[in-house]
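Text of the file coords-v4.txt, holding compact mmCIF, C-alpha atoms:
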```txt
# COMPACT_ATOMS: atom_id res chain seq x y z
CA MET X 13 -41.51 -60.38 39.80
CA LYS X 14 -41.52 -62.30 36.49
CA ASN X 15 -38.47 -64.28 37.59
CA TYR X 16 -40.08 -65.03 40.96
CA LEU X 17 -43.18 -66.44 39.29
CA GLU X 18 -41.08 -68.39 36.80
CA SER X 19 -38.84 -69.91 39.51
CA ASP X 20 -41.56 -71.98 41.18
CA SER X 21 -39.58 -75.17 40.49
CA ASP X 22 -36.39 -73.80 42.09
CA MET X 23 -37.05 -73.19 45.78
CA TYR X 24 -33.69 -71.52 46.43
CA ASN X 25 -34.04 -68.96 43.64
CA GLN X 26 -37.62 -68.31 44.64
CA HIS X 27 -36.50 -67.72 48.22
CA VAL X 28 -33.79 -65.18 47.31
CA LEU X 29 -36.12 -63.43 44.85
CA LEU X 30 -38.79 -63.15 47.53
CA GLY X 31 -36.18 -61.62 49.83
CA ASP X 32 -35.26 -59.17 47.07
CA LEU X 33 -38.89 -58.12 46.73
CA ALA X 34 -39.03 -57.65 50.52
CA GLY X 35 -35.99 -55.37 50.53
CA ASP X 36 -33.10 -57.81 51.05
CA PHE X 37 -31.64 -57.06 47.63
CA ILE X 38 -29.56 -59.59 45.73
CA PRO X 39 -26.62 -58.65 43.48
CA VAL X 40 -27.51 -57.67 39.94
CA THR X 41 -25.21 -60.39 38.60
CA GLN X 42 -27.21 -63.04 40.48
CA LEU X 43 -30.49 -61.63 39.21
CA ARG X 44 -29.19 -61.69 35.65
CA SER X 45 -28.06 -65.30 36.11
CA ILE X 46 -31.52 -66.32 37.33
CA ASN X 47 -33.14 -64.49 34.44
CA ARG X 48 -30.86 -66.27 31.96
CA MET X 49 -31.86 -69.65 33.41
CA ASN X 50 -35.55 -68.77 33.31
CA PHE X 51 -35.84 -67.02 29.97
CA GLY X 52 -32.57 -67.68 28.13
CA ASN X 53 -31.76 -64.02 27.51
CA THR X 54 -29.81 -61.17 29.09
CA LEU X 55 -31.68 -59.04 31.60
CA SER X 56 -31.50 -55.31 30.95
CA ILE X 57 -31.80 -53.25 34.14
CA SER X 58 -32.15 -49.50 34.00
CA ARG X 59 -30.48 -47.42 36.69
CA PHE X 60 -32.62 -46.74 39.76
CA THR X 61 -33.19 -43.10 40.66
CA VAL X 62 -35.12 -42.02 43.74
CA LYS X 63 -37.00 -39.22 41.99
CA GLU X 64 -38.17 -41.34 39.07
CA ASN X 65 -38.64 -44.79 40.58
CA THR X 66 -39.70 -44.45 44.22
CA PHE X 67 -43.35 -43.94 43.34
CA ASP X 68 -43.34 -47.31 41.55
CA TYR X 69 -43.19 -48.96 44.99
CA PHE X 70 -46.39 -47.19 46.05
CA ARG X 71 -48.16 -48.22 42.86
CA PHE X 72 -47.00 -51.79 43.30
CA LEU X 73 -48.15 -51.83 46.93
CA ALA X 74 -51.54 -50.49 45.85
CA TYR X 75 -51.78 -53.38 43.38
CA LEU X 76 -50.87 -55.94 46.06
CA ILE X 77 -53.45 -54.51 48.46
CA ARG X 78 -56.16 -54.92 45.84
CA ALA X 79 -54.87 -58.36 44.88
CA GLY X 80 -55.06 -59.36 48.54
CA GLY X 81 -58.79 -58.74 48.55
CA CYS X 82 -58.82 -55.32 50.22
CA ALA X 83 -60.83 -52.44 48.80
CA GLY X 84 -57.94 -49.99 49.18
CA TRP X 85 -55.85 -48.17 51.73
CA VAL X 86 -55.60 -44.84 53.51
CA ILE X 87 -52.35 -42.84 53.41
CA LEU X 88 -51.86 -40.16 56.07
CA PHE X 89 -49.34 -37.37 55.55
CA ASP X 90 -49.03 -35.91 59.03
CA GLU X 91 -47.65 -32.47 59.94
CA PHE X 92 -47.93 -31.22 56.37
CA GLU X 93 -47.34 -27.71 57.75
CA GLN X 94 -43.62 -28.54 57.79
CA LEU X 95 -43.88 -27.37 54.19
CA MET X 96 -43.55 -23.85 55.58
CA TYR X 97 -39.86 -24.44 56.28
CA LEU X 98 -39.04 -25.15 52.62
CA GLY X 99 -38.09 -22.79 49.83
CA ILE X 100 -40.43 -22.01 46.94
CA MET X 101 -39.10 -24.64 44.53
CA ALA X 102 -39.00 -27.29 47.25
CA ARG X 103 -42.64 -26.50 48.04
CA ALA X 104 -43.49 -26.69 44.34
CA ASN X 105 -41.97 -30.16 44.16
CA ALA X 106 -43.84 -31.14 47.33
CA TYR X 107 -47.15 -30.11 45.76
CA LEU X 108 -46.28 -32.10 42.64
CA ASN X 109 -45.45 -35.15 44.76
CA ALA X 110 -48.75 -34.71 46.60
CA ALA X 111 -50.54 -34.79 43.24
CA ARG X 112 -49.17 -38.28 42.62
CA PHE X 113 -51.08 -39.54 45.63
CA MET X 114 -54.22 -37.49 44.97
CA SER X 115 -54.89 -38.18 41.29
CA PRO X 116 -55.58 -41.66 39.85
CA SER X 117 -54.01 -40.48 36.58
CA PHE X 118 -50.59 -41.10 38.17
CA GLY X 119 -51.43 -44.76 38.70
CA MET X 120 -52.25 -44.68 42.41
CA THR X 121 -55.56 -46.52 42.53
CA ALA X 122 -57.78 -47.50 45.45
CA ALA X 123 -56.06 -44.99 47.74
CA TYR X 124 -57.59 -42.33 49.98
CA THR X 125 -55.05 -39.68 50.88
CA VAL X 126 -55.31 -37.49 53.98
CA PHE X 127 -53.09 -34.47 54.64
CA SER X 128 -53.00 -33.32 58.25
CA ALA X 129 -51.76 -29.79 58.92
CA SER X 130 -52.11 -26.97 61.41
CA SER X 131 -54.54 -24.26 60.37
CA ASN X 132 -51.84 -21.61 59.98
CA LEU X 133 -50.57 -23.40 56.86
CA TRP X 134 -53.53 -21.94 54.98
CA SER X 135 -53.48 -18.44 56.43
CA GLU X 136 -49.70 -17.94 56.41
CA LEU X 137 -48.65 -19.72 53.23
CA ILE X 138 -51.17 -21.14 50.78
CA TRP X 139 -53.99 -18.58 50.88
CA ARG X 140 -52.47 -15.50 52.48
CA GLN X 141 -53.52 -12.22 50.92
CA LYS X 142 -50.06 -11.31 49.61
CA ASN X 143 -47.50 -13.63 48.00
CA SER X 144 -49.55 -16.77 48.55
CA ASP X 145 -48.28 -20.07 47.19
CA TYR X 146 -51.26 -20.14 44.84
CA ASP X 147 -49.62 -17.22 43.01
CA THR X 148 -45.88 -17.42 43.70
CA VAL X 149 -45.32 -21.14 43.05
CA PRO X 150 -46.76 -21.04 39.49
CA GLN X 151 -44.70 -17.91 38.82
CA LYS X 152 -41.56 -19.67 39.95
CA LEU X 153 -42.33 -22.73 37.82
CA ALA X 154 -42.87 -20.49 34.81
CA ALA X 155 -39.52 -18.80 35.44
CA LYS X 156 -37.90 -22.25 35.45
CA GLU X 157 -39.65 -23.09 32.14
CA ARG X 158 -41.83 -25.71 33.84
CA GLN X 159 -45.15 -24.24 32.74
CA HIS X 160 -46.58 -27.69 32.04
CA GLU X 161 -46.58 -28.41 35.79
CA ILE X 162 -48.56 -25.32 36.77
CA PRO X 163 -52.04 -26.87 36.20
CA THR X 164 -51.11 -29.80 38.46
CA VAL X 165 -49.98 -27.48 41.26
CA ARG X 166 -53.13 -25.38 40.95
CA GLU X 167 -55.24 -28.55 41.05
CA VAL X 168 -53.55 -29.65 44.28
CA LEU X 169 -53.99 -26.25 45.92
CA GLY X 170 -57.58 -26.14 44.72
CA SER X 171 -58.22 -29.53 46.32
CA PHE X 172 -56.77 -28.28 49.59
CA LEU X 173 -59.20 -25.37 49.48
CA LYS X 174 -62.25 -27.36 48.39
CA ASP X 175 -61.83 -30.55 50.40
CA ASN X 176 -60.36 -29.25 53.65
CA LEU X 177 -61.99 -30.01 56.98
CA PHE X 178 -61.17 -27.90 60.02
CA LEU X 179 -61.47 -29.93 63.21
CA ASP X 180 -63.17 -28.44 66.23
CA LYS X 181 -61.18 -28.12 69.41
CA LEU X 182 -61.83 -30.95 71.83
CA SER X 183 -63.79 -30.04 74.92
CA THR X 184 -62.49 -30.70 78.42
CA PHE X 185 -65.08 -33.45 78.72
CA ASP X 186 -63.79 -35.19 75.57
CA VAL X 187 -60.17 -34.96 76.71
CA ASN X 188 -60.99 -36.37 80.15
CA ARG X 189 -62.96 -39.20 78.59
CA MET X 190 -59.99 -40.07 76.38
CA LEU X 191 -57.60 -39.95 79.34
CA TRP X 192 -59.90 -42.27 81.23
CA SER X 193 -59.78 -44.70 78.30
CA VAL X 194 -55.97 -44.57 78.43
CA ARG X 195 -56.17 -45.43 82.13
CA GLU X 196 -58.41 -48.43 81.41
CA TYR X 197 -56.14 -49.77 78.65
CA HIS X 198 -53.09 -49.31 80.88
CA ALA X 199 -54.79 -51.30 83.65
CA GLN X 200 -55.62 -54.10 81.22
CA ALA X 201 -52.15 -54.16 79.66
CA TYR X 202 -50.30 -54.47 82.98
CA ASP X 203 -53.06 -56.23 84.92
CA TRP X 204 -53.00 -53.83 87.85
CA PRO X 205 -55.49 -51.56 89.63
CA ALA X 206 -54.55 -48.33 87.91
CA PRO X 207 -55.34 -45.18 89.92
CA VAL X 208 -58.64 -43.47 89.36
CA ASP X 209 -57.48 -39.98 90.35
CA ILE X 210 -56.68 -38.95 86.79
CA ASP X 211 -58.19 -35.52 87.45
CA ARG X 212 -54.78 -34.48 88.81
CA VAL X 213 -53.22 -35.09 85.40
CA ALA X 214 -56.08 -33.46 83.50
CA ALA X 215 -55.93 -30.38 85.71
CA SER X 216 -52.22 -29.91 84.99
CA LEU X 217 -52.84 -29.73 81.24
CA ALA X 218 -53.73 -26.35 79.82
CA GLY X 219 -56.34 -26.25 77.10
CA ASP X 220 -53.84 -25.26 74.42
CA LYS X 221 -51.73 -28.41 74.82
CA PRO X 222 -51.80 -30.86 71.87
CA LEU X 223 -53.78 -34.02 72.45
CA ARG X 224 -50.63 -36.14 72.07
CA THR X 225 -49.10 -34.22 74.99
CA ALA X 226 -52.10 -35.03 77.17
CA ILE X 227 -51.92 -38.72 76.27
CA ARG X 228 -48.15 -38.90 76.83
CA SER X 229 -48.53 -37.18 80.20
CA MET X 230 -51.20 -39.67 81.21
CA VAL X 231 -49.12 -42.67 80.13
CA GLU X 232 -46.05 -41.34 81.94
CA TYR X 233 -48.11 -40.68 85.08
CA LEU X 234 -49.41 -44.25 85.05
CA ASP X 235 -46.01 -45.76 84.23
CA LEU X 236 -44.29 -43.98 87.11
CA GLN X 237 -46.99 -44.90 89.58
CA TYR X 238 -46.92 -48.51 88.39
CA LEU X 239 -43.12 -48.71 88.75
CA TYR X 240 -42.65 -46.82 92.03
CA ASP X 241 -46.06 -47.20 93.69
CA GLU X 242 -46.34 -43.51 94.49
CA GLN X 243 -48.09 -40.55 92.94
CA PRO X 244 -45.71 -38.63 90.68
CA ASP X 245 -45.92 -34.92 90.00
CA ILE X 246 -46.39 -34.49 86.24
CA LYS X 247 -46.16 -31.14 84.51
CA ALA X 248 -46.48 -30.81 80.74
CA GLY X 249 -44.52 -28.04 79.07
CA MET X 250 -44.18 -27.06 75.44
CA PRO X 251 -41.17 -25.29 73.90
CA GLU X 252 -41.92 -21.99 72.24
CA GLU X 253 -42.81 -22.53 68.61
CA ILE X 254 -40.21 -21.29 66.15
CA LEU X 255 -41.84 -20.10 62.96
CA PRO X 256 -40.00 -19.78 59.66
CA VAL X 257 -39.01 -16.37 58.35
CA LYS X 258 -37.71 -15.42 54.95
CA PRO X 259 -34.15 -14.04 54.96
CA ALA X 260 -33.71 -10.78 53.10
CA GLY X 261 -32.58 -11.20 49.52
CA ASP X 262 -33.24 -14.94 49.33
CA GLU X 263 -36.55 -15.94 47.77
CA ASP X 264 -35.93 -19.66 47.62
CA LYS X 265 -35.09 -20.40 51.24
CA LEU X 266 -36.91 -20.27 54.52
CA GLU X 267 -35.02 -20.52 57.76
CA PRO X 268 -36.31 -20.78 61.33
CA ALA X 269 -36.25 -17.64 63.36
CA ILE X 270 -33.82 -17.58 66.28
CA PRO X 271 -35.40 -16.27 69.49
CA GLU X 272 -33.62 -13.34 71.07
CA GLY X 273 -31.74 -13.94 74.26
```
Would you mind writing the file's structure down as structure tokens?
Amino acid sequence: MKNYLESDSDMYNQHVLLGDLAGDFIPVTQLRSINRMNFGNTLSISRFTVKENTFDYFRFLAYLIRAGGCAGWVILFDEFEQLMYLGIMARANAYLNAARFMSPSFGMTAAYTVFSASSNLWSELIWRQKNSDYDTVPQKLAAKERQHEIPTVREVLGSFLKDNLFLDKLSTFDVNRMLWSVREYHAQAYDWPAPVDIDRVAASLAGDKPLRTAIRSMVEYLDLQYLYDEQPDIKAGMPEEILPVKPAGDEDKLEPAIPEG
């Protein structure tokens, strides 16, 4: 960044440095050459490691968002329940990574972080009555002589308990209203008289289907009718959920169960 700001009189160097900042990295030798021209000294570059340096990009982006005049940004971590498929230490590291986005003390300013997860994450992992993560993860960290990280993990889990919001199930009326909105947007996007008989699609969707399945079914129904000018028969099916189970004698790994037959 310093070399980019210093190279305002050299359009070529400024161009390649801007590309480097955008992800089109230039060779280290070229960067050192530019630095020598700008500052007259040798550039010392420490080795990049994913674990130590990746978060710097998030902090830098947060700075740019504020510098651009925005109040901040919202970061959504979707399907956080995938944590259930990890071993204990992997989950511990995931909680510690979550803390980086939740606490301003790690340098992430002007950010509002949202974790989206299915409700069974709480009942089957974090707050279950026996061997909950609130107890087992700190114990595992202590066994690995990482006691200094235990307060951070407990703070994250405490935030999940204190700040969680369980969403009510959408009513049939709400789902139908959303499907009708999809129909209207589809008609506008393709400039065609989209069918109004969306009740056929809504009726084929059971109440336990995820909302994304309902929306995808509606879009597919409209796409097929737009392409072939006939009413398709749409049926939405969901594969049986495979929940993780802990193999006997292995405390650090969770593997998906394999259905019989």
| task | Kindly indicate which residue among X:Val208, X:Leu182, X:Ala123, X:Ile138 lies nearest to X:Cys82, using all atoms listed in the file for the distances. | result | X:Ala123
| request: Please measure the separation of atom CA of X:Pro163 and atom CA of X:Leu179, giving the value in Å to one decimal. | output: 28.8 Å
| said: Considering only C-alpha atoms, can you say which of X:Arg44, X:Arg158, X:Lys174, X:Lys221 comes closest to X:Met101? | reply: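 Looking at the shortest contact to X:Met101, the residue is X:Arg158.
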| query | atom CA of X:Ile57 and atom CA of X:His27 are how many Å apart? | reply | 20.7 Å
| query | Which is closer to X:Arg78 than all the others in X:Asn25, X:Asp32, X:Ala122, X:Pro222, using all atoms listed in the file? | reply | X:Ala122
| query | Could you state the separation of atom CA of X:Tyr107 and atom CA of X:Gln141 in Å, given to one decimal place? | reply |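 If I compute the distance from atom CA of X:Tyr107 to atom CA of X:Gln141, I get 19.7 Å.
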| query | Within 9 Å of X:Glu18, counting all atoms listed in the file, which residues qualify if same-chain residues fewer than 5 places away don't, as a PyMOL selection string? | reply | chain X and resi 13+26+50-51
| Which residue of X:Ser117, X:Ser144, X:Trp134, X:Leu76 approaches X:Phe92 most closely, using only C-alpha atoms |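 Checking each of X:Ser117, X:Ser144, X:Trp134, X:Leu76 against X:Phe92, counting only C-alpha atoms, the winner is X:Trp134.
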| task | Please tell me which residues are no farther than 12 Å from (-50.1, -53.0, 82.0) in the file, counting only C-alpha atoms, and write them as a ChimeraX atom specification. | result | /X:194-206,231,234-239
Residues within 8 Å of X:Ser229, only C-alpha atoms, excluding chain neighbours under 2 positions, as a PDB file with C-alpha atoms, in the frame of the given file:
```
ATOM      1  CA  VAL X 213     -53.220 -35.090  85.400  1.00  0.00           C
ATOM      2  CA  THR X 225     -49.100 -34.220  74.990  1.00  0.00           C
ATOM      3  CA  ALA X 226     -52.100 -35.030  77.170  1.00  0.00           C
ATOM      4  CA  ILE X 227     -51.920 -38.720  76.270  1.00  0.00           C
ATOM      5  CA  VAL X 231     -49.120 -42.670  80.130  1.00  0.00           C
ATOM      6  CA  GLU X 232     -46.050 -41.340  81.940  1.00  0.00           C
ATOM      7  CA  TYR X 233     -48.110 -40.680  85.080  1.00  0.00           C
ATOM      8  CA  ILE X 246     -46.390 -34.490  86.240  1.00  0.00           C
ATOM      9  CA  LYS X 247     -46.160 -31.140  84.510  1.00  0.00           C
ATOM     10  CA  ALA X 248     -46.480 -30.810  80.740  1.00  0.00           C
TER      11      ALA X 248
END
```
| request: Determine the nearest neighbour of X:Asp180 from the options X:Glu242, X:Arg112, X:Ser131, X:Met49, counting only C-alpha atoms. | output: X:Ser131
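Nearest to X:Leu108 of all the residues X:Thr164, X:Asn176, X:Thr66, X:Thr54 is X:Thr164, counting all atoms listed in the file.
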